[in-house]
>>> print(open('target_38.cif').read())   # mmCIF, C-alpha atoms
data_coords
loop_
_atom_site.label_atom_id
_atom_site.label_comp_id
_atom_site.auth_asym_id
_atom_site.auth_seq_id
_atom_site.Cartn_x
_atom_site.Cartn_y
_atom_site.Cartn_z
CA TRP A 1 15.06 -25.08 -8.02
CA ARG A 2 14.35 -23.54 -4.62
CA ARG A 3 16.92 -25.73 -2.87
CA GLY A 4 19.51 -24.71 -5.45
CA ARG A 5 18.70 -21.06 -4.94
CA ILE A 6 19.04 -21.41 -1.16
CA ARG A 7 22.47 -23.04 -1.57
CA LYS A 8 23.59 -20.11 -3.72
CA ILE A 9 22.41 -17.62 -1.09
CA ARG A 10 24.28 -19.51 1.64
CA LYS A 11 27.48 -19.26 -0.36
CA ALA A 12 26.98 -15.62 -1.33
CA VAL A 13 26.17 -14.04 2.05
CA SER A 14 27.58 -14.22 5.57
CA HIS A 15 24.57 -12.63 7.26
CA MET A 16 21.25 -11.14 6.14
CA LEU A 17 19.83 -7.92 7.59
CA LEU A 18 16.05 -8.14 7.40
CA ILE A 19 13.47 -5.35 7.33
CA PHE A 20 10.37 -7.49 8.03
CA PRO A 21 9.85 -9.59 11.18
CA PHE A 22 8.24 -12.53 9.36
CA GLU A 23 11.42 -13.05 7.29
CA GLU A 24 13.45 -14.37 10.24
CA ALA A 25 11.64 -17.71 10.34
CA ILE A 26 12.03 -18.14 6.58
CA TYR A 27 15.81 -17.68 6.68
CA ALA A 28 16.18 -19.73 9.87
CA GLN A 29 14.41 -22.64 8.19
CA ALA A 30 16.77 -22.32 5.24
CA GLY A 31 19.82 -22.26 7.53
CA ILE A 32 20.87 -18.75 6.50
CA PRO A 33 22.10 -16.44 9.33
CA ALA A 34 19.79 -13.43 9.54
CA THR A 35 18.80 -10.66 11.93
CA TYR A 36 15.65 -8.56 11.86
CA VAL A 37 16.70 -4.90 12.28
CA GLY A 38 13.44 -3.03 11.66
CA HIS A 39 11.95 -1.25 8.67
CA PRO A 40 13.31 2.17 7.59
CA LEU A 41 9.82 3.55 6.91
CA ALA A 42 8.92 3.11 10.58
CA HIS A 43 11.63 5.69 11.36
CA ALA A 44 11.21 7.92 8.30
CA LEU A 45 7.45 8.53 8.55
CA PRO A 46 6.01 10.60 11.41
CA GLU A 47 4.61 8.70 14.36
CA GLN A 48 1.80 11.24 14.67
CA PRO A 49 0.78 12.37 11.17
CA ASP A 50 -0.52 15.94 10.99
CA ARG A 51 -3.65 15.98 8.83
CA LYS A 52 -4.22 19.70 9.27
CA ALA A 53 -0.68 20.57 8.13
CA ALA A 54 -0.90 18.16 5.18
CA ARG A 55 -4.14 19.75 4.03
CA GLU A 56 -2.60 23.19 4.31
CA ARG A 57 0.37 22.10 2.19
CA LEU A 58 -1.99 20.81 -0.49
CA GLY A 59 -4.34 23.81 -0.29
CA LEU A 60 -7.32 21.69 0.84
CA ARG A 61 -10.27 22.69 2.97
CA PRO A 62 -9.64 21.91 6.67
CA ASN A 63 -13.07 20.31 7.11
CA GLY A 64 -13.42 18.71 3.70
CA GLU A 65 -13.78 14.98 3.09
CA TYR A 66 -11.08 13.42 0.94
CA VAL A 67 -10.28 9.99 -0.44
CA ALA A 68 -6.79 9.31 -1.81
CA LEU A 69 -6.51 7.08 -4.89
CA LEU A 70 -3.13 5.45 -5.50
CA PRO A 71 -3.46 3.28 -8.63
CA GLY A 72 0.24 2.40 -8.90
CA SER A 73 3.47 4.00 -10.01
CA ARG A 74 4.06 2.07 -13.25
CA GLN A 75 2.29 2.50 -16.57
CA SER A 76 1.61 -1.23 -16.70
CA GLU A 77 -0.30 -0.94 -13.41
CA LEU A 78 -2.29 2.05 -14.61
CA LYS A 79 -3.21 0.20 -17.80
CA LEU A 80 -4.98 -2.40 -15.66
CA MET A 81 -6.15 -0.23 -12.76
CA ALA A 82 -6.95 3.31 -13.97
CA ASP A 83 -10.48 2.58 -15.23
CA THR A 84 -11.36 0.67 -12.05
CA PHE A 85 -10.16 3.52 -9.83
CA ILE A 86 -12.10 6.14 -11.80
CA GLU A 87 -15.31 4.10 -11.84
CA THR A 88 -14.91 3.45 -8.10
CA ALA A 89 -14.59 7.20 -7.54
CA ARG A 90 -17.78 7.69 -9.57
CA GLN A 91 -19.64 5.17 -7.41
CA ILE A 92 -18.43 6.85 -4.21
CA HIS A 93 -19.32 10.32 -5.49
CA GLN A 94 -22.85 9.21 -6.44
CA ARG A 95 -23.45 8.01 -2.88
CA ARG A 96 -21.49 10.67 -0.97
CA GLY A 97 -21.31 13.77 -3.13
CA GLN A 98 -19.17 15.91 -0.84
CA ILE A 99 -16.10 13.65 -1.19
CA GLN A 100 -13.16 14.86 -3.24
CA PHE A 101 -10.40 12.66 -4.61
CA LEU A 102 -6.64 13.11 -4.41
CA ILE A 103 -4.51 11.19 -6.93
CA PRO A 104 -0.72 11.46 -6.48
CA LEU A 105 1.17 10.36 -9.60
CA ILE A 106 4.95 10.44 -9.81
CA THR A 107 5.69 10.85 -13.54
CA ARG A 108 4.32 12.81 -16.47
CA GLU A 109 3.67 9.52 -18.26
CA THR A 110 1.46 8.12 -15.49
CA ARG A 111 -0.35 11.43 -15.18
CA LEU A 112 -1.03 11.51 -18.94
CA HIS A 113 -2.27 7.92 -18.85
CA PHE A 114 -4.69 8.71 -16.02
CA GLU A 115 -5.94 11.89 -17.67
CA GLU A 116 -6.60 9.93 -20.87
CA ALA A 117 -8.65 7.44 -18.85
CA ILE A 118 -10.68 10.28 -17.32
CA PHE A 119 -11.37 11.65 -20.82
CA ARG A 120 -12.26 8.22 -22.23
CA LEU A 121 -14.66 7.45 -19.36
CA GLN A 122 -16.18 10.95 -19.51
CA ALA A 123 -15.40 11.49 -15.83
CA HIS A 124 -14.65 15.22 -15.98
CA ASP A 125 -17.50 15.91 -13.56
CA LEU A 126 -15.76 14.03 -10.75
CA PRO A 127 -13.96 16.23 -8.16
CA ILE A 128 -10.56 14.70 -8.89
CA ARG A 129 -7.32 16.52 -8.13
CA ILE A 130 -4.20 14.99 -9.66
CA LEU A 131 -1.04 15.69 -7.67
CA PHE A 132 2.49 15.54 -9.06
CA GLY A 133 4.00 13.43 -6.29
CA HIS A 134 2.99 14.34 -2.70
CA ALA A 135 1.82 10.79 -1.95
CA HIS A 136 2.67 11.11 1.77
CA ASP A 137 0.82 14.41 2.02
CA ALA A 138 -2.21 12.89 0.26
CA LEU A 139 -2.27 9.92 2.65
CA GLN A 140 -2.00 12.19 5.68
CA ALA A 141 -4.69 14.53 4.35
CA ALA A 142 -7.16 11.81 3.31
CA ASP A 143 -9.95 10.30 5.39
CA ALA A 144 -9.48 6.99 3.56
CA ALA A 145 -7.61 5.61 0.55
CA LEU A 146 -7.85 3.04 -2.22
CA ILE A 147 -4.38 1.71 -2.98
CA ALA A 148 -2.88 -0.68 -5.51
CA SER A 149 -0.90 -3.32 -3.62
CA GLY A 150 2.70 -2.30 -3.00
CA THR A 151 4.86 -0.26 -0.63
CA ALA A 152 2.22 2.49 -0.57
CA THR A 153 -0.04 0.24 1.52
CA LEU A 154 2.62 0.05 4.23
CA GLU A 155 3.15 3.81 4.02
CA ALA A 156 -0.60 4.32 4.47
CA ALA A 157 -0.61 2.07 7.54
CA LEU A 158 2.29 3.95 9.12
CA LEU A 159 0.61 7.28 8.30
CA LYS A 160 -2.61 6.01 9.91
CA CYS A 161 -4.71 6.30 6.78
CA PRO A 162 -7.50 3.68 6.69
CA HIS A 163 -7.46 2.06 3.28
CA VAL A 164 -8.51 -0.73 0.96
CA ILE A 165 -6.00 -2.77 -1.05
CA THR A 166 -6.72 -3.79 -4.63
CA TYR A 167 -4.81 -5.16 -7.59
CA LYS A 168 -5.21 -6.72 -11.01
CA LEU A 169 -2.80 -8.81 -13.05
CA PRO A 170 -3.07 -10.40 -16.48
CA TRP A 171 -4.89 -13.72 -16.06
CA LEU A 172 -1.91 -16.00 -16.79
CA THR A 173 0.46 -14.00 -14.58
CA TYR A 174 -2.02 -14.18 -11.73
CA GLN A 175 -2.42 -17.96 -12.07
CA ILE A 176 1.36 -18.47 -11.94
CA MET A 177 1.83 -16.17 -8.95
CA ARG A 178 -1.14 -17.65 -7.08
CA ARG A 179 0.39 -21.12 -7.32
CA GLN A 180 3.76 -19.87 -6.09
CA ALA A 181 2.36 -17.80 -3.21
CA TYR A 182 3.78 -18.52 0.22
CA LEU A 183 1.36 -16.26 2.11
CA PRO A 184 -2.43 -15.85 2.06
CA TYR A 185 -2.21 -12.04 1.69
CA ILE A 186 -0.75 -9.64 -0.85
CA GLY A 187 -0.86 -6.42 1.20
CA LEU A 188 2.17 -5.61 3.34
CA PRO A 189 0.09 -4.46 6.36
CA ASN A 190 -1.69 -7.82 6.40
CA ILE A 191 1.53 -9.78 5.92
CA VAL A 192 3.22 -7.95 8.81
CA ALA A 193 0.15 -8.32 11.04
CA GLY A 194 -0.22 -11.99 10.17
CA ARG A 195 -3.94 -11.48 9.58
CA GLN A 196 -6.23 -9.44 7.39
CA VAL A 197 -6.52 -5.99 8.91
CA VAL A 198 -6.98 -4.21 5.55
CA PRO A 199 -9.57 -5.47 3.02
CA GLU A 200 -8.01 -7.00 -0.10
CA LEU A 201 -10.10 -7.01 -3.28
CA ILE A 202 -8.08 -8.43 -6.15
CA GLN A 203 -8.69 -9.74 -9.66
CA LYS A 204 -12.42 -10.49 -10.13
CA GLN A 205 -13.25 -8.89 -6.77
CA ALA A 206 -11.63 -5.62 -7.86
CA GLN A 207 -14.82 -4.08 -9.22
CA PRO A 208 -16.05 -0.51 -8.66
CA GLU A 209 -19.13 -1.33 -6.57
CA PRO A 210 -17.47 -3.58 -3.92
CA LEU A 211 -14.46 -1.26 -3.79
CA ALA A 212 -16.74 1.72 -3.20
CA ASP A 213 -18.63 -0.24 -0.52
CA ALA A 214 -15.35 -1.00 1.27
CA ILE A 215 -14.21 2.63 1.20
CA LEU A 216 -17.57 3.92 2.41
CA THR A 217 -17.49 1.43 5.28
CA LEU A 218 -14.25 3.01 6.47
CA LEU A 219 -15.83 6.45 6.26
CA GLU A 220 -19.14 5.58 7.89
CA ASN A 221 -18.41 2.71 10.30
CA ARG A 222 -16.54 4.09 13.30
CA LEU A 223 -15.76 0.67 14.75
CA ALA A 224 -14.26 -0.63 11.50
CA ARG A 225 -12.15 2.49 11.23
CA GLU A 226 -10.87 2.41 14.81
CA THR A 227 -10.15 -1.31 14.64
CA MET A 228 -7.97 -0.75 11.58
CA LEU A 229 -6.15 2.18 13.20
CA ASP A 230 -5.41 0.07 16.29
CA ALA A 231 -3.91 -2.59 14.02
CA PHE A 232 -1.76 0.08 12.34
CA GLU A 233 -0.33 1.03 15.74
CA ALA A 234 0.66 -2.60 16.31
CA ILE A 235 2.28 -2.73 12.86
CA ARG A 236 4.39 0.34 13.64
CA ARG A 237 5.52 -1.21 16.92
CA ALA A 238 6.46 -4.41 15.09
CA LEU A 239 8.49 -2.54 12.45
CA ARG A 240 10.22 0.01 14.68
CA ARG A 241 13.46 -1.26 16.20
CA ASP A 242 16.73 0.25 17.38
CA THR A 243 18.03 -0.26 13.87
CA PRO A 244 21.50 1.38 14.11
CA ARG A 245 22.37 -0.62 17.23
CA LEU A 246 21.12 -3.91 15.77
CA ILE A 247 23.05 -3.40 12.54
CA ALA A 248 26.23 -2.47 14.42
CA GLU A 249 25.97 -5.47 16.74
CA THR A 250 25.34 -7.81 13.81
CA LEU A 251 28.24 -6.51 11.75
CA ALA A 252 30.77 -6.20 14.60
CA PRO A 253 31.96 -9.86 14.57
CA TYR A 254 32.56 -9.71 10.81
CA LEU A 255 34.47 -6.45 11.03
CA LYS A 256 36.79 -7.97 13.66
#
>>> encode(input="target_38.cif", output="structure tokens")
Amino acid sequence: WRRGRIRKIRKAVSHMLLIFPFEEAIYAQAGIPATYVGHPLAHALPEQPDRKAARERLGLRPNGEYVALLPGSRQSELKLMADTFIETARQIHQRRGQIQFLIPLITRETRLHFEEAIFRLQAHDLPIRILFGHAHDALQAADAALIASGTATLEAALLKCPHVITYKLPWLTYQIMRRQAYLPYIGLPNIVAGRQVVPELIQKQAQPEPLADAILTLLENRLARETMLDAFEAIRRALRRDTPRLIAETLAPYLK
């Protein structure tokens, strides 16, 4: 099946433009011409995030302590993750009561689903602020974040927000995907780095207590925090390329 798919790709494309450095070896092995041109987020997101300005935009206290919670952008993700994120916030709040939580959600449906989970779990006492969008501001303003695996983890790395990656899938879906996995990591920062720089707690490990422990480590352990931030700098360097020039040079022979 895979060989057949590769043959179809060879016939369909003349040259691939890649946004991740690790993809070059994959396409080279398959005999498909490809050039790594850099990732657009490395250009779009600020190289030096401004936490003070982000907090001002969100109306937050300059010296407050904030944790961003990004449980996913789809209702199917929230169905599996919302309760875990809320219970993790409860665990963190019990052990570090001054922390407040920022939860950027992009649709009315996801916001309603999360608010229903708060009501069902009787978590009204938690200092949770739900934002309508503003994910980049929340990541810049936060001291740490808990993020459902996806593009948001790469955005957090580029915005220099220390974070923990988590995810849950239905059991059968997870078993199928685990057997098809080509890489040992699910988080984009770890895949780009080629090693685990961000903790990944998935499936059975994605429980409130270990997730809270991991977040509190980033808040309380200076070495763990600085080590992760150094890795984020390396990730930005790996993803930032002279993209317009590389695209132009790649396309020039075909245009002629």
>>> resolve_selection(input="target_38.cif", expression="the PyMOL selection byres ((chain A and resi 83-93) around 9)", output="VMD selection string")
chain A and resid 67 69 to 71 78 to 82 94 to 101 114 117 to 118 121 123 126 to 128 146 206 to 213 215 to 216
>>> atom_distance(input="target_38.cif", atom1="atom CA of Glu226 of chain A", atom2="atom CA of Pro162 of chain A")
8.9 Å
>>> atom_distance(input="target_38.cif", atom1="atom CA of Leu139 of chain A", atom2="atom CA of Asp230 of chain A")
17.1 Å
>>> residues_around(input="target_38.cif", residues="Ser14 of chain A", least_positions_apart="4", cutoff="9 Å", atoms="all atoms listed in the file", output="PyMOL selection string")
chain A and resi 10+32-34+254
>>> closest_residue(input="target_38.cif", among="A:His134, A:Arg108, A:Arg237, A:His15", to="Leu251 of chain A", atoms="only C-alpha atoms")
A:His15
>>> closest_residue(input="target_38.cif", among="A:Glu115, A:Glu24, A:Glu109, A:Asp137", to="Gly59 of chain A", atoms="all atoms listed in the file")
A:Asp137
>>> atom_distance(input="target_38.cif", atom1="atom CA of Ser76 of chain A", atom2="atom CA of Pro189 of chain A")
23.3 Å
